[in-house]
Amino acid sequence: MMHVIISILIVLSTIVVMECLSWCIHKYLFHGPLWFMHKSHHEKSHAFFEWNDLFALLFAALSLYLMYVDRKYFGYRFFIGFGITMYGVIYFVVHDWFVHRRFKTFKSNNTYLKAVRKAHKIHHKNQGKDKGEAFGLLFINKKVLKN
């Protein structure tokens, strides 16, 4: 039973760490030296895929690798990989599906989800590399919730 609890805590902790790491990567790498790939996400496009989508593939490869190397023992590496995968699923549903409406299947009046969407629109208000705001996805600044 303790192994199950520890495994769940590893997955949940990994999701939180991924949100924090994603914020840092987004702010300092995507809007820094990797802007040449990320800028496709800030430009209007009618294509389904963007250069920016390659980042998702990199994280997917990392998570699959971690789960693969620990597949026999279901140790901490497996559950870190699984947590990265779960964050990827959450990111896809919230960011691509809900915020950017790549699939136009659901809307929500949920206060938190509306704040997520608003924060991301604040981020995209600036189309350029510099002077961006709201680099995270799941953790919302209280200022956004109040407005």
# chains A, B, ... in the order shown; residues from 1 in each chain; ligands from 1
call {"tool": "select_by_dssp", "arguments": {"residues": "segment 39-105 of chain A", "states": "helix (DSSP H, G or I)", "output": "ChimeraX atom specification"}}
result
/A:39-42,51-69,76-99
call {"tool": "write_last_selection", "arguments": {"atoms": "N, CA and C atoms", "output": "short mmCIF file (atom, residue, chain, number, x, y, z; two decimals), in the first residue's frame"}}
result
data_model
loop_
_atom_site.label_atom_id
_atom_site.label_comp_id
_atom_site.auth_asym_id
_atom_site.auth_seq_id
_atom_site.Cartn_x
_atom_site.Cartn_y
_atom_site.Cartn_z
N LYS A 39 8.01 30.94 -31.90
CA LYS A 39 7.27 32.06 -32.49
C LYS A 39 6.11 31.58 -33.36
N SER A 40 6.18 30.36 -33.88
CA SER A 40 5.08 29.83 -34.68
C SER A 40 3.79 29.76 -33.86
N HIS A 41 3.94 29.65 -32.56
CA HIS A 41 2.77 29.59 -31.68
C HIS A 41 2.15 30.97 -31.48
N HIS A 42 2.91 32.02 -31.69
CA HIS A 42 2.43 33.38 -31.48
C HIS A 42 1.97 34.03 -32.78
N TRP A 51 5.69 24.59 -35.53
CA TRP A 51 7.04 24.22 -35.12
C TRP A 51 7.09 24.04 -33.61
N ASN A 52 6.32 24.82 -32.91
CA ASN A 52 6.25 24.77 -31.45
C ASN A 52 5.84 23.39 -30.94
N ASP A 53 5.10 22.63 -31.73
CA ASP A 53 4.64 21.30 -31.32
C ASP A 53 5.79 20.32 -31.13
N LEU A 54 6.95 20.64 -31.68
CA LEU A 54 8.11 19.75 -31.50
C LEU A 54 8.51 19.65 -30.03
N PHE A 55 8.25 20.69 -29.26
CA PHE A 55 8.56 20.65 -27.83
C PHE A 55 7.76 19.54 -27.14
N ALA A 56 6.51 19.37 -27.53
CA ALA A 56 5.68 18.30 -26.95
C ALA A 56 6.28 16.94 -27.27
N LEU A 57 6.79 16.79 -28.47
CA LEU A 57 7.42 15.52 -28.84
C LEU A 57 8.66 15.23 -28.01
N LEU A 58 9.43 16.28 -27.71
CA LEU A 58 10.62 16.09 -26.88
C LEU A 58 10.25 15.63 -25.47
N PHE A 59 9.24 16.25 -24.88
CA PHE A 59 8.80 15.84 -23.55
C PHE A 59 8.18 14.44 -23.58
N ALA A 60 7.46 14.13 -24.65
CA ALA A 60 6.89 12.79 -24.78
C ALA A 60 8.00 11.74 -24.86
N ALA A 61 9.05 12.04 -25.61
CA ALA A 61 10.17 11.11 -25.73
C ALA A 61 10.83 10.90 -24.37
N LEU A 62 11.01 11.97 -23.62
CA LEU A 62 11.61 11.86 -22.29
C LEU A 62 10.75 10.99 -21.38
N SER A 63 9.45 11.24 -21.37
CA SER A 63 8.56 10.47 -20.49
C SER A 63 8.52 9.00 -20.90
N LEU A 64 8.48 8.73 -22.19
CA LEU A 64 8.49 7.33 -22.65
C LEU A 64 9.80 6.63 -22.29
N TYR A 65 10.88 7.35 -22.42
CA TYR A 65 12.18 6.78 -22.05
C TYR A 65 12.20 6.41 -20.57
N LEU A 66 11.77 7.32 -19.71
CA LEU A 66 11.77 7.06 -18.27
C LEU A 66 10.87 5.87 -17.92
N MET A 67 9.72 5.79 -18.54
CA MET A 67 8.83 4.66 -18.26
C MET A 67 9.41 3.35 -18.81
N TYR A 68 10.05 3.43 -19.95
CA TYR A 68 10.63 2.23 -20.57
C TYR A 68 11.77 1.66 -19.73
N VAL A 69 12.69 2.51 -19.26
CA VAL A 69 13.85 2.00 -18.53
C VAL A 69 13.44 1.42 -17.16
N TYR A 76 10.70 4.75 -9.22
CA TYR A 76 10.42 6.19 -9.27
C TYR A 76 10.55 6.76 -10.68
N ARG A 77 11.48 6.25 -11.50
CA ARG A 77 11.63 6.78 -12.87
C ARG A 77 10.38 6.54 -13.70
N PHE A 78 9.77 5.37 -13.52
CA PHE A 78 8.53 5.08 -14.24
C PHE A 78 7.47 6.11 -13.90
N PHE A 79 7.32 6.40 -12.62
CA PHE A 79 6.24 7.30 -12.19
C PHE A 79 6.56 8.77 -12.47
N ILE A 80 7.83 9.12 -12.54
CA ILE A 80 8.19 10.46 -13.02
C ILE A 80 7.80 10.57 -14.49
N GLY A 81 8.13 9.55 -15.28
CA GLY A 81 7.74 9.53 -16.70
C GLY A 81 6.23 9.59 -16.85
N PHE A 82 5.52 8.85 -16.00
CA PHE A 82 4.06 8.87 -16.05
C PHE A 82 3.52 10.25 -15.67
N GLY A 83 4.14 10.90 -14.69
CA GLY A 83 3.73 12.25 -14.30
C GLY A 83 3.95 13.25 -15.43
N ILE A 84 5.08 13.12 -16.14
CA ILE A 84 5.33 13.98 -17.30
C ILE A 84 4.26 13.74 -18.36
N THR A 85 3.90 12.48 -18.56
CA THR A 85 2.84 12.15 -19.52
C THR A 85 1.51 12.76 -19.10
N MET A 86 1.18 12.66 -17.82
CA MET A 86 -0.08 13.24 -17.32
C MET A 86 -0.07 14.76 -17.48
N TYR A 87 1.06 15.39 -17.21
CA TYR A 87 1.14 16.84 -17.42
C TYR A 87 0.93 17.15 -18.91
N GLY A 88 1.51 16.33 -19.76
CA GLY A 88 1.32 16.52 -21.21
C GLY A 88 -0.14 16.41 -21.60
N VAL A 89 -0.85 15.46 -21.04
CA VAL A 89 -2.28 15.30 -21.33
C VAL A 89 -3.05 16.52 -20.82
N ILE A 90 -2.76 16.94 -19.59
CA ILE A 90 -3.41 18.13 -19.02
C ILE A 90 -3.11 19.35 -19.90
N TYR A 91 -1.85 19.50 -20.28
CA TYR A 91 -1.45 20.64 -21.10
C TYR A 91 -2.19 20.62 -22.43
N PHE A 92 -2.26 19.45 -23.06
CA PHE A 92 -2.95 19.34 -24.34
C PHE A 92 -4.42 19.72 -24.20
N VAL A 93 -5.09 19.17 -23.19
CA VAL A 93 -6.52 19.43 -23.03
C VAL A 93 -6.76 20.91 -22.70
N VAL A 94 -6.00 21.45 -21.75
CA VAL A 94 -6.24 22.83 -21.32
C VAL A 94 -5.73 23.82 -22.37
N HIS A 95 -4.50 23.67 -22.81
CA HIS A 95 -3.88 24.66 -23.70
C HIS A 95 -4.35 24.53 -25.15
N ASP A 96 -4.18 23.37 -25.71
CA ASP A 96 -4.50 23.22 -27.13
C ASP A 96 -5.99 23.10 -27.40
N TRP A 97 -6.66 22.34 -26.55
CA TRP A 97 -8.07 22.07 -26.79
C TRP A 97 -8.95 23.20 -26.28
N PHE A 98 -8.75 23.61 -25.01
CA PHE A 98 -9.64 24.61 -24.43
C PHE A 98 -9.23 26.04 -24.76
N VAL A 99 -7.96 26.40 -24.52
CA VAL A 99 -7.54 27.78 -24.69
C VAL A 99 -7.46 28.16 -26.18
#
